[in-house]
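Report on one structure; see the data block that follows.
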2 protein chains.
Amino acid sequence: MLPKHYTRIVLAERPKTDFTPTTFLRETVAFDLKPGPGEVLVRVDWISLDPAMRGWAGWPMEVVTYIPPVEIGAVMRSFGLGAVVEVGEGCELRTGDIVCGLTGLAEYAVMKEGERLQKIMAPESNPPGVQLLDFLGPLGIAGGFTAYFGLLDVAQIKAGETLVVSGAAGQVGSLVCQIGKLYGAKVIGIAGTDEKCRWLSEELKIDAALNYKSPSFREDFKDAVGYLDVFFDNVGGEILNFAITRLKQGARIALCGAISTYNGLETKGITSYMNLVMQRAKIEGFVVSDYSRRYPEALRDLSKWISEGRIIRRYHIIEGLENAPEALPLLFTGGNTGKLLVTIFLRPRRCYANS
Amino acid sequence: MLPKHYTRIVLAERPKTDFTPTTFLRETVAFDLKPGPGEVLVRVDWISLDPAMRGWAGWPMEVVTYIPPVEIGAVMRSFGLGAVVEVGEGCELRTGDIVCGLTGLAEYAVMKEGERLQKIMAPESNPPGVQLLDFLGPLGIAGGFTAYFGLLDVAQIKAGETLVVSGAAGQVGSLVCQIGKLYGAKVIGIAGTDEKCRWLSEELKIDAALNYKSPSFREDFKDAVGYLDVFFDNVGGEILNFAITRLKQGARIALCGAISTYNGLETKGITSYMNLVMQRAKIEGFVVSDYSRRYPEALRDLSKWISEGRIIRRYHIIEGLENAPEALPLLFTGGNTGKLLVTIFLRPRRCYANS
């Protein structure tokens, strides 16, 4: 039974800097969604809130984008997970199938069948320990897959190397830290609160966790890291500029994101790049969707590690679609602890996270 | 017959920003140079002045260096070319051999035999058209070899790609432009005067030459380049920051140097690096000496191209070692036109350059 109305969050204006209360608008509208040929109607149960959404709302600086910004008045783009409730002509998906993809911030979405709409195995078919929710986390594109290909393919981490991770308590960062440990690297994580650092040290058992807000951060970094082989960067800005002064020869910086710059207010820029010459080092940006053909490989390894208890994850769950707009800024202020998700029709159960 | 005295230029103080008249000191001292076992005494006929010398005098910013700075009071480091005039015990070199290496700014130098002291074939053994002087230019480590490995190995230029070169009228830049053309790239050079741009367009016949001091530079760049596959950067700073906004997917930036930053006054830094993520692009620094085993390959190709008239070079020759200190700043003000050399015992002959 489909409802008479449904709720969606649209982009009301392009944020000039940070997201504000007027960036988004909640609309409850008459239910007029109908899947056409090759389309399915999805009831969105879970939504993933990711830093990339800041860019999707329109960058405040000049960048060449790989995906056009959301149009004003359109449903805000986001990853989501839900159940197929109606199937258009010629589809292979069936009613009841669980799918994951760019649903957007809405209770229901009409989506094209195809590569970008991933069918999730029924929970009973997954390795023990794997939860449905993990498909927006360690088994999701913006989560585990990004960490996996960024660290293993772009940065080419090797056993015995020193890996530094910024945004280490975040969704991608916390997985990079753990995959780094699994591969035999010495791992140092950087985060913005002592609580996050404790979690990284005590639960994730990385070699050191540093609070970048500490006045002794640079000295702490020199003590804990020495010089680094791989820097997996989610943050950009001053931490990146400093890390570039601490490279070993042949160091690789995998540039996953630059969250400190997304509001367009970071203007100091990177001045230390002569060290890239001195140390024959590189900074390389990447976009996970380039690896889409190899997602099954990441899914296999990450599922196995979860099932073996070798990957820890935690979720920060917001209840109700209407609360998504005010939860989003948490990603940029460091206010979330773990993967930020919104639950719509379901309510969280204790078993969703192991930490 | 060795003289009773010889002249050398020593580093008197570390420059805080640019080289100044008090950076160096000229000394004429009693001749006390004597090669020990495995060493040779070289009469330095030609000296190469290179931007790297600013770093060798001590960086004004924090960098991890691959070679320690010159000590205060020591002969200033530089590449040079000259004749062996005395041979120590156990050497394979012979008196009269022509050699090239880090002689320093001095009329005579005692140097260790070995990999870092390159023996030059006698002029009559070289392919027609190759001059002795070319071994400090297109056949030299800091010249042709840097251009060759930077463009072909680091940047991996391919036929049909768009190549942009900063410092394009300089020693390395002008060779990168020409090797790029030889490999079938579309080549756009950036220089700081209209005269240099004319030389690049008319003599080197690259596809476009842009004066970065022109008020319309950014528009000119967009018109001439569109988006680029490879940026070979000698300059850093604002041009690098702008170039990063004009990358095609998979673009490579070979970072050879960052001459605009060498005086430590450039503080704005690179802010456009999110484009590296968007375009799956990389910035990679390199040091030519990592390719020392492959120098013969570069020498072979570059000699052949010179001999075939496919590489044009020009020299800006300063007469007299005593004039080296005041010629050095030309490298940073754009005041030299062609490879900057100092002649000591020889005088230039017309045939040294073909342009």
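Identifiers in the structure tokens: chain A, B, ... in order shown; residue index from 1 per chain; ligand index from 1 in order shown.
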Can you list, as an MDAnalysis selection string, every protein, DNA or RNA residue that comes within 6 Å of Gly104 (chain A) when you count only C-alpha atoms, leaving out same-chain residues fewer than 5 positions away? chainID A and resid 76:78
Please produce a file of the residues just selected, as a compact mmCIF listing (two decimals), in the first residue's frame, where the atoms kept are all heavy atoms.
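To be explicit, this is the file written out as part_29.txt:
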# COMPACT_ATOMS: atom_id res chain seq x y z
N MET A 76 17.51 16.65 -3.03
CA MET A 76 18.95 16.62 -2.75
C MET A 76 19.49 15.21 -2.95
O MET A 76 18.91 14.24 -2.48
CB MET A 76 19.21 17.09 -1.31
CG MET A 76 20.69 17.13 -0.95
SD MET A 76 21.67 18.23 -2.03
CE MET A 76 23.31 17.58 -1.72
N ARG A 77 20.63 15.13 -3.66
CA ARG A 77 21.26 13.85 -3.96
C ARG A 77 21.87 13.22 -2.70
O ARG A 77 22.49 13.92 -1.89
CB ARG A 77 22.34 14.07 -5.01
CG ARG A 77 22.97 12.82 -5.57
CD ARG A 77 24.05 13.21 -6.59
NE ARG A 77 23.50 13.87 -7.74
CZ ARG A 77 24.08 14.90 -8.39
NH1 ARG A 77 25.24 15.37 -7.99
NH2 ARG A 77 23.50 15.45 -9.43
N SER A 78 21.71 11.91 -2.55
CA SER A 78 22.38 11.18 -1.47
C SER A 78 22.32 9.69 -1.79
O SER A 78 21.51 9.26 -2.59
CB SER A 78 21.67 11.41 -0.12
OG SER A 78 20.44 10.71 -0.11
Once you count only C-alpha atoms, which residues of chain B turn out to be within 8 Å of chain A? Could you give them as a PDB file with all heavy atoms, in the first residue's frame?
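Saved result, out-v4.pdb, follows:
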ATOM      1  N   GLU B  62      60.968  25.472   5.127  1.00  0.00           N
ATOM      2  CA  GLU B  62      61.287  24.127   5.607  1.00  0.00           C
ATOM      3  C   GLU B  62      61.086  23.103   4.490  1.00  0.00           C
ATOM      4  O   GLU B  62      59.975  22.906   4.029  1.00  0.00           O
ATOM      5  CB  GLU B  62      60.382  23.777   6.795  1.00  0.00           C
ATOM      6  CG  GLU B  62      60.885  22.586   7.590  1.00  0.00           C
ATOM      7  CD  GLU B  62      59.914  22.194   8.711  1.00  0.00           C
ATOM      8  OE1 GLU B  62      59.001  22.969   8.999  1.00  0.00           O
ATOM      9  OE2 GLU B  62      60.096  21.097   9.277  1.00  0.00           O
ATOM     10  N   VAL B  63      62.150  22.487   4.024  1.00  0.00           N
ATOM     11  CA  VAL B  63      62.036  21.389   3.069  1.00  0.00           C
ATOM     12  C   VAL B  63      62.996  20.286   3.487  1.00  0.00           C
ATOM     13  O   VAL B  63      64.027  20.543   4.101  1.00  0.00           O
ATOM     14  CB  VAL B  63      62.383  21.798   1.607  1.00  0.00           C
ATOM     15  CG1 VAL B  63      61.294  22.643   0.984  1.00  0.00           C
ATOM     16  CG2 VAL B  63      63.700  22.513   1.525  1.00  0.00           C
ATOM     17  N   VAL B  64      62.606  19.075   3.159  1.00  0.00           N
ATOM     18  CA  VAL B  64      63.495  17.939   3.329  1.00  0.00           C
ATOM     19  C   VAL B  64      64.346  17.898   2.056  1.00  0.00           C
ATOM     20  O   VAL B  64      63.808  17.777   0.973  1.00  0.00           O
ATOM     21  CB  VAL B  64      62.686  16.639   3.455  1.00  0.00           C
ATOM     22  CG1 VAL B  64      63.607  15.457   3.657  1.00  0.00           C
ATOM     23  CG2 VAL B  64      61.680  16.744   4.591  1.00  0.00           C
ATOM     24  N   THR B  65      65.645  18.054   2.180  1.00  0.00           N
ATOM     25  CA  THR B  65      66.469  18.181   0.973  1.00  0.00           C
ATOM     26  C   THR B  65      67.145  16.870   0.627  1.00  0.00           C
ATOM     27  O   THR B  65      67.402  16.041   1.496  1.00  0.00           O
ATOM     28  CB  THR B  65      67.544  19.255   1.162  1.00  0.00           C
ATOM     29  OG1 THR B  65      68.285  18.940   2.335  1.00  0.00           O
ATOM     30  CG2 THR B  65      66.918  20.617   1.312  1.00  0.00           C
ATOM     31  N   TYR B  66      67.422  16.700  -0.673  1.00  0.00           N
ATOM     32  CA  TYR B  66      68.094  15.487  -1.097  1.00  0.00           C
ATOM     33  C   TYR B  66      69.599  15.665  -1.134  1.00  0.00           C
ATOM     34  O   TYR B  66      70.342  14.746  -1.401  1.00  0.00           O
ATOM     35  CB  TYR B  66      67.577  15.014  -2.463  1.00  0.00           C
ATOM     36  CG  TYR B  66      67.705  16.008  -3.600  1.00  0.00           C
ATOM     37  CD1 TYR B  66      68.844  16.044  -4.395  1.00  0.00           C
ATOM     38  CD2 TYR B  66      66.680  16.897  -3.877  1.00  0.00           C
ATOM     39  CE1 TYR B  66      68.955  16.946  -5.432  1.00  0.00           C
ATOM     40  CE2 TYR B  66      66.780  17.804  -4.909  1.00  0.00           C
ATOM     41  CZ  TYR B  66      67.919  17.831  -5.689  1.00  0.00           C
ATOM     42  OH  TYR B  66      68.026  18.731  -6.714  1.00  0.00           O
ATOM     43  N   THR B 245      43.145  23.963 -12.270  1.00  0.00           N
ATOM     44  CA  THR B 245      41.708  24.107 -12.568  1.00  0.00           C
ATOM     45  C   THR B 245      41.392  23.751 -14.019  1.00  0.00           C
ATOM     46  O   THR B 245      40.239  23.804 -14.426  1.00  0.00           O
ATOM     47  CB  THR B 245      41.207  25.551 -12.306  1.00  0.00           C
ATOM     48  OG1 THR B 245      41.789  26.442 -13.265  1.00  0.00           O
ATOM     49  CG2 THR B 245      41.563  26.018 -10.908  1.00  0.00           C
ATOM     50  N   ARG B 246      42.430  23.393 -14.804  1.00  0.00           N
ATOM     51  CA  ARG B 246      42.240  23.136 -16.233  1.00  0.00           C
ATOM     52  C   ARG B 246      42.726  21.740 -16.616  1.00  0.00           C
ATOM     53  O   ARG B 246      43.345  21.551 -17.678  1.00  0.00           O
ATOM     54  CB  ARG B 246      42.976  24.199 -17.067  1.00  0.00           C
ATOM     55  CG  ARG B 246      42.618  25.642 -16.727  1.00  0.00           C
ATOM     56  CD  ARG B 246      41.178  26.024 -17.046  1.00  0.00           C
ATOM     57  NE  ARG B 246      40.856  25.902 -18.454  1.00  0.00           N
ATOM     58  CZ  ARG B 246      39.643  26.125 -18.958  1.00  0.00           C
ATOM     59  NH1 ARG B 246      38.639  26.474 -18.165  1.00  0.00           N
ATOM     60  NH2 ARG B 246      39.422  25.974 -20.243  1.00  0.00           N
ATOM     61  N   LEU B 255      56.220  17.812 -11.503  1.00  0.00           N
ATOM     62  CA  LEU B 255      56.745  18.956 -10.758  1.00  0.00           C
ATOM     63  C   LEU B 255      58.266  18.875 -10.774  1.00  0.00           C
ATOM     64  O   LEU B 255      58.869  18.050 -10.095  1.00  0.00           O
ATOM     65  CB  LEU B 255      56.203  18.916  -9.321  1.00  0.00           C
ATOM     66  CG  LEU B 255      56.215  20.207  -8.537  1.00  0.00           C
ATOM     67  CD1 LEU B 255      55.364  21.276  -9.201  1.00  0.00           C
ATOM     68  CD2 LEU B 255      55.703  19.961  -7.125  1.00  0.00           C
ATOM     69  N   CYS B 256      58.850  19.726 -11.602  1.00  0.00           N
ATOM     70  CA  CYS B 256      60.301  19.719 -11.814  1.00  0.00           C
ATOM     71  C   CYS B 256      60.966  20.687 -10.857  1.00  0.00           C
ATOM     72  O   CYS B 256      62.054  20.448 -10.345  1.00  0.00           O
ATOM     73  CB  CYS B 256      60.566  20.110 -13.261  1.00  0.00           C
ATOM     74  SG  CYS B 256      62.299  20.184 -13.687  1.00  0.00           S
ATOM     75  N   GLY B 257      60.296  21.803 -10.614  1.00  0.00           N
ATOM     76  CA  GLY B 257      60.799  22.822  -9.711  1.00  0.00           C
ATOM     77  C   GLY B 257      59.674  23.786  -9.447  1.00  0.00           C
ATOM     78  O   GLY B 257      58.569  23.622  -9.959  1.00  0.00           O
ATOM     79  N   ALA B 258      59.957  24.786  -8.616  1.00  0.00           N
ATOM     80  CA  ALA B 258      58.917  25.756  -8.253  1.00  0.00           C
ATOM     81  C   ALA B 258      59.615  27.090  -8.050  1.00  0.00           C
ATOM     82  O   ALA B 258      59.618  27.664  -6.975  1.00  0.00           O
ATOM     83  CB  ALA B 258      58.180  25.297  -7.006  1.00  0.00           C
ATOM     84  N   GLU B 266      56.609  33.533  -1.653  1.00  0.00           N
ATOM     85  CA  GLU B 266      55.307  33.088  -2.161  1.00  0.00           C
ATOM     86  C   GLU B 266      54.554  32.441  -1.004  1.00  0.00           C
ATOM     87  O   GLU B 266      54.955  31.403  -0.492  1.00  0.00           O
ATOM     88  CB  GLU B 266      55.515  32.077  -3.295  1.00  0.00           C
ATOM     89  CG  GLU B 266      54.274  31.352  -3.774  1.00  0.00           C
ATOM     90  CD  GLU B 266      53.357  32.183  -4.653  1.00  0.00           C
ATOM     91  OE1 GLU B 266      53.873  32.868  -5.548  1.00  0.00           O
ATOM     92  OE2 GLU B 266      52.141  32.156  -4.438  1.00  0.00           O
ATOM     93  N   THR B 267      53.457  33.025  -0.599  1.00  0.00           N
ATOM     94  CA  THR B 267      52.756  32.487   0.562  1.00  0.00           C
ATOM     95  C   THR B 267      51.317  32.104   0.249  1.00  0.00           C
ATOM     96  O   THR B 267      50.636  31.540   1.098  1.00  0.00           O
ATOM     97  CB  THR B 267      52.729  33.512   1.709  1.00  0.00           C
ATOM     98  OG1 THR B 267      52.210  34.735   1.179  1.00  0.00           O
ATOM     99  CG2 THR B 267      54.114  33.753   2.270  1.00  0.00           C
ATOM    100  N   LYS B 268      50.838  32.430  -0.952  1.00  0.00           N
ATOM    101  CA  LYS B 268      49.423  32.193  -1.234  1.00  0.00           C
ATOM    102  C   LYS B 268      49.114  30.700  -1.301  1.00  0.00           C
ATOM    103  O   LYS B 268      48.105  30.259  -0.784  1.00  0.00           O
ATOM    104  CB  LYS B 268      49.017  32.864  -2.546  1.00  0.00           C
ATOM    105  CG  LYS B 268      48.705  34.351  -2.352  1.00  0.00           C
ATOM    106  CD  LYS B 268      48.203  34.975  -3.633  1.00  0.00           C
ATOM    107  CE  LYS B 268      46.827  34.471  -4.029  1.00  0.00           C
ATOM    108  NZ  LYS B 268      46.365  35.097  -5.286  1.00  0.00           N
ATOM    109  N   GLY B 269      49.969  29.965  -1.946  1.00  0.00           N
ATOM    110  CA  GLY B 269      49.778  28.522  -1.943  1.00  0.00           C
ATOM    111  C   GLY B 269      48.724  28.039  -2.917  1.00  0.00           C
ATOM    112  O   GLY B 269      48.020  28.816  -3.559  1.00  0.00           O
ATOM    113  N   ILE B 270      48.650  26.730  -3.013  1.00  0.00           N
ATOM    114  CA  ILE B 270      47.773  26.058  -3.962  1.00  0.00           C
ATOM    115  C   ILE B 270      46.440  25.765  -3.268  1.00  0.00           C
ATOM    116  O   ILE B 270      46.403  25.060  -2.255  1.00  0.00           O
ATOM    117  CB  ILE B 270      48.424  24.741  -4.433  1.00  0.00           C
ATOM    118  CG1 ILE B 270      49.820  25.001  -5.007  1.00  0.00           C
ATOM    119  CG2 ILE B 270      47.532  24.018  -5.449  1.00  0.00           C
ATOM    120  CD1 ILE B 270      49.852  25.980  -6.151  1.00  0.00           C
ATOM    121  N   THR B 271      45.374  26.305  -3.825  1.00  0.00           N
ATOM    122  CA  THR B 271      44.052  26.110  -3.215  1.00  0.00           C
ATOM    123  C   THR B 271      43.129  25.267  -4.105  1.00  0.00           C
ATOM    124  O   THR B 271      42.057  24.881  -3.673  1.00  0.00           O
ATOM    125  CB  THR B 271      43.361  27.469  -2.986  1.00  0.00           C
ATOM    126  OG1 THR B 271      43.358  28.190  -4.230  1.00  0.00           O
ATOM    127  CG2 THR B 271      44.092  28.285  -1.936  1.00  0.00           C
ATOM    128  N   SER B 272      43.556  24.975  -5.305  1.00  0.00           N
ATOM    129  CA  SER B 272      42.648  24.362  -6.292  1.00  0.00           C
ATOM    130  C   SER B 272      42.724  22.834  -6.311  1.00  0.00           C
ATOM    131  O   SER B 272      42.214  22.205  -7.233  1.00  0.00           O
ATOM    132  CB  SER B 272      42.991  24.906  -7.680  1.00  0.00           C
ATOM    133  OG  SER B 272      44.346  24.615  -8.007  1.00  0.00           O
ATOM    134  N   MET B 274      41.273  20.361  -5.011  1.00  0.00           N
ATOM    135  CA  MET B 274      40.110  19.450  -5.112  1.00  0.00           C
ATOM    136  C   MET B 274      39.917  18.983  -6.556  1.00  0.00           C
ATOM    137  O   MET B 274      39.331  17.926  -6.805  1.00  0.00           O
ATOM    138  CB  MET B 274      38.837  20.127  -4.612  1.00  0.00           C
ATOM    139  CG  MET B 274      38.323  19.642  -3.270  1.00  0.00           C
ATOM    140  SD  MET B 274      38.259  17.843  -3.037  1.00  0.00           S
ATOM    141  CE  MET B 274      36.717  17.440  -3.860  1.00  0.00           C
ATOM    142  N   ASN B 275      40.416  19.780  -7.515  1.00  0.00           N
ATOM    143  CA  ASN B 275      40.335  19.349  -8.911  1.00  0.00           C
ATOM    144  C   ASN B 275      41.138  18.076  -9.168  1.00  0.00           C
ATOM    145  O   ASN B 275      40.857  17.355 -10.122  1.00  0.00           O
ATOM    146  CB  ASN B 275      40.847  20.465  -9.832  1.00  0.00           C
ATOM    147  CG  ASN B 275      39.852  21.603  -9.921  1.00  0.00           C
ATOM    148  OD1 ASN B 275      38.847  21.495 -10.595  1.00  0.00           O
ATOM    149  ND2 ASN B 275      40.128  22.690  -9.217  1.00  0.00           N
ATOM    150  N   LEU B 276      42.152  17.821  -8.350  1.00  0.00           N
ATOM    151  CA  LEU B 276      42.910  16.574  -8.498  1.00  0.00           C
ATOM    152  C   LEU B 276      42.007  15.378  -8.211  1.00  0.00           C
ATOM    153  O   LEU B 276      42.125  14.326  -8.841  1.00  0.00           O
ATOM    154  CB  LEU B 276      44.111  16.550  -7.548  1.00  0.00           C
ATOM    155  CG  LEU B 276      45.172  17.633  -7.747  1.00  0.00           C
ATOM    156  CD1 LEU B 276      46.191  17.580  -6.611  1.00  0.00           C
ATOM    157  CD2 LEU B 276      45.876  17.442  -9.091  1.00  0.00           C
ATOM    158  N   VAL B 277      41.106  15.551  -7.234  1.00  0.00           N
ATOM    159  CA  VAL B 277      40.158  14.483  -6.935  1.00  0.00           C
ATOM    160  C   VAL B 277      39.178  14.344  -8.100  1.00  0.00           C
ATOM    161  O   VAL B 277      39.013  13.264  -8.673  1.00  0.00           O
ATOM    162  CB  VAL B 277      39.391  14.772  -5.620  1.00  0.00           C
ATOM    163  CG1 VAL B 277      38.374  13.672  -5.345  1.00  0.00           C
ATOM    164  CG2 VAL B 277      40.364  14.926  -4.456  1.00  0.00           C
ATOM    165  N   MET B 278      38.563  15.467  -8.444  1.00  0.00           N
ATOM    166  CA  MET B 278      37.533  15.447  -9.491  1.00  0.00           C
ATOM    167  C   MET B 278      38.046  14.821 -10.782  1.00  0.00           C
ATOM    168  O   MET B 278      37.318  14.111 -11.467  1.00  0.00           O
ATOM    169  CB  MET B 278      37.098  16.877  -9.808  1.00  0.00           C
ATOM    170  CG  MET B 278      36.478  17.603  -8.650  1.00  0.00           C
ATOM    171  SD  MET B 278      34.967  16.780  -8.109  1.00  0.00           S
ATOM    172  CE  MET B 278      34.491  17.852  -6.762  1.00  0.00           C
ATOM    173  N   GLN B 279      39.287  15.149 -11.123  1.00  0.00           N
ATOM    174  CA  GLN B 279      39.841  14.709 -12.405  1.00  0.00           C
ATOM    175  C   GLN B 279      40.781  13.518 -12.271  1.00  0.00           C
ATOM    176  O   GLN B 279      41.484  13.186 -13.225  1.00  0.00           O
ATOM    177  CB  GLN B 279      40.549  15.886 -13.099  1.00  0.00           C
ATOM    178  CG  GLN B 279      39.604  17.053 -13.423  1.00  0.00           C
ATOM    179  CD  GLN B 279      38.474  16.642 -14.338  1.00  0.00           C
ATOM    180  OE1 GLN B 279      37.509  15.983 -13.940  1.00  0.00           O
ATOM    181  NE2 GLN B 279      38.600  16.992 -15.594  1.00  0.00           N
ATOM    182  N   ARG B 280      40.810  12.862 -11.103  1.00  0.00           N
ATOM    183  CA  ARG B 280      41.666  11.686 -10.922  1.00  0.00           C
ATOM    184  C   ARG B 280      43.068  12.011 -11.451  1.00  0.00           C
ATOM    185  O   ARG B 280      43.653  11.261 -12.253  1.00  0.00           O
ATOM    186  CB  ARG B 280      41.185  10.471 -11.698  1.00  0.00           C
ATOM    187  CG  ARG B 280      39.781  10.051 -11.501  1.00  0.00           C
ATOM    188  CD  ARG B 280      38.762  10.843 -12.276  1.00  0.00           C
ATOM    189  NE  ARG B 280      37.571   9.999 -12.440  1.00  0.00           N
ATOM    190  CZ  ARG B 280      36.350  10.458 -12.441  1.00  0.00           C
ATOM    191  NH1 ARG B 280      36.108  11.746 -12.322  1.00  0.00           N
ATOM    192  NH2 ARG B 280      35.354   9.618 -12.593  1.00  0.00           N
ATOM    193  N   ALA B 281      43.579  13.145 -11.017  1.00  0.00           N
ATOM    194  CA  ALA B 281      44.848  13.645 -11.546  1.00  0.00           C
ATOM    195  C   ALA B 281      45.912  13.589 -10.475  1.00  0.00           C
ATOM    196  O   ALA B 281      45.614  13.411  -9.291  1.00  0.00           O
ATOM    197  CB  ALA B 281      44.650  15.075 -12.026  1.00  0.00           C
ATOM    198  N   LYS B 282      47.164  13.719 -10.898  1.00  0.00           N
ATOM    199  CA  LYS B 282      48.232  13.679  -9.895  1.00  0.00           C
ATOM    200  C   LYS B 282      49.303  14.727 -10.136  1.00  0.00           C
ATOM    201  O   LYS B 282      49.528  15.160 -11.265  1.00  0.00           O
ATOM    202  CB  LYS B 282      48.858  12.291  -9.826  1.00  0.00           C
ATOM    203  CG  LYS B 282      49.623  11.886 -11.053  1.00  0.00           C
ATOM    204  CD  LYS B 282      50.248  10.500 -10.864  1.00  0.00           C
ATOM    205  CE  LYS B 282      50.788  10.008 -12.211  1.00  0.00           C
ATOM    206  NZ  LYS B 282      51.345   8.653 -12.126  1.00  0.00           N
ATOM    207  N   ILE B 283      49.932  15.104  -9.029  1.00  0.00           N
ATOM    208  CA  ILE B 283      51.120  15.953  -9.068  1.00  0.00           C
ATOM    209  C   ILE B 283      52.266  15.085  -8.585  1.00  0.00           C
ATOM    210  O   ILE B 283      52.193  14.530  -7.488  1.00  0.00           O
ATOM    211  CB  ILE B 283      51.006  17.155  -8.117  1.00  0.00           C
ATOM    212  CG1 ILE B 283      49.772  17.986  -8.441  1.00  0.00           C
ATOM    213  CG2 ILE B 283      52.254  18.023  -8.186  1.00  0.00           C
ATOM    214  CD1 ILE B 283      49.625  19.214  -7.546  1.00  0.00           C
ATOM    215  N   GLU B 284      53.299  14.973  -9.385  1.00  0.00           N
ATOM    216  CA  GLU B 284      54.412  14.109  -8.985  1.00  0.00           C
ATOM    217  C   GLU B 284      55.738  14.862  -9.113  1.00  0.00           C
ATOM    218  O   GLU B 284      56.056  15.411 -10.168  1.00  0.00           O
ATOM    219  CB  GLU B 284      54.423  12.856  -9.875  1.00  0.00           C
ATOM    220  CG  GLU B 284      55.451  11.847  -9.445  1.00  0.00           C
ATOM    221  CD  GLU B 284      55.186  10.440  -9.987  1.00  0.00           C
ATOM    222  OE1 GLU B 284      54.228  10.256 -10.758  1.00  0.00           O
ATOM    223  OE2 GLU B 284      55.961   9.545  -9.636  1.00  0.00           O
ATOM    224  N   GLY B 285      56.471  14.899  -8.031  1.00  0.00           N
ATOM    225  CA  GLY B 285      57.796  15.518  -8.060  1.00  0.00           C
ATOM    226  C   GLY B 285      58.845  14.506  -8.479  1.00  0.00           C
ATOM    227  O   GLY B 285      58.651  13.304  -8.317  1.00  0.00           O
ATOM    228  N   PHE B 286      59.938  14.995  -9.045  1.00  0.00           N
ATOM    229  CA  PHE B 286      61.001  14.066  -9.432  1.00  0.00           C
ATOM    230  C   PHE B 286      62.357  14.745  -9.350  1.00  0.00           C
ATOM    231  O   PHE B 286      62.466  15.966  -9.365  1.00  0.00           O
ATOM    232  CB  PHE B 286      60.757  13.494 -10.838  1.00  0.00           C
ATOM    233  CG  PHE B 286      60.954  14.493 -11.947  1.00  0.00           C
ATOM    234  CD1 PHE B 286      62.135  14.504 -12.688  1.00  0.00           C
ATOM    235  CD2 PHE B 286      59.981  15.419 -12.250  1.00  0.00           C
ATOM    236  CE1 PHE B 286      62.335  15.424 -13.704  1.00  0.00           C
ATOM    237  CE2 PHE B 286      60.159  16.341 -13.265  1.00  0.00           C
ATOM    238  CZ  PHE B 286      61.336  16.350 -13.994  1.00  0.00           C
ATOM    239  N   VAL B 287      63.375  13.911  -9.251  1.00  0.00           N
ATOM    240  CA  VAL B 287      64.760  14.364  -9.190  1.00  0.00           C
ATOM    241  C   VAL B 287      65.507  13.553 -10.239  1.00  0.00           C
ATOM    242  O   VAL B 287      65.458  12.314 -10.232  1.00  0.00           O
ATOM    243  CB  VAL B 287      65.346  14.138  -7.781  1.00  0.00           C
ATOM    244  CG1 VAL B 287      66.827  14.452  -7.751  1.00  0.00           C
ATOM    245  CG2 VAL B 287      64.608  14.997  -6.756  1.00  0.00           C
TER     246      VAL B 287
END
Report as a PyMOL selection string all protein, DNA and RNA residues lying within 10 Å of Arg116 (chain B), evaluated on only C-alpha atoms, omitting residues in the same chain fewer than 5 positions from it. chain B and resi 100-102+111+289+292
Applying 6 Å and only C-alpha atoms, which residues near region 12-16 of chain B remain after dropping the ones on its own chain fewer than 2 positions away? List them as a ChimeraX atom specification. /B:19,23-25,60,72-73
Please identify all polymer residues within 9 Å of region 334-345 of chain B, counting only C-alpha atoms, omitting same-chain residues fewer than 4 positions from it, and present them as a PyMOL selection string. chain B and resi 43-50+107+136-137+143+167+169-172+174+191-193+196+313-321+323-324+327-330
If we count only C-alpha atoms, what is near region 120-135 of chain A at a cut-off of 7 Å, once residues fewer than 2 positions away on the same chain are taken out, given as a PyMOL selection string? chain A and resi 98-100+118+137-140+303+306-307+352
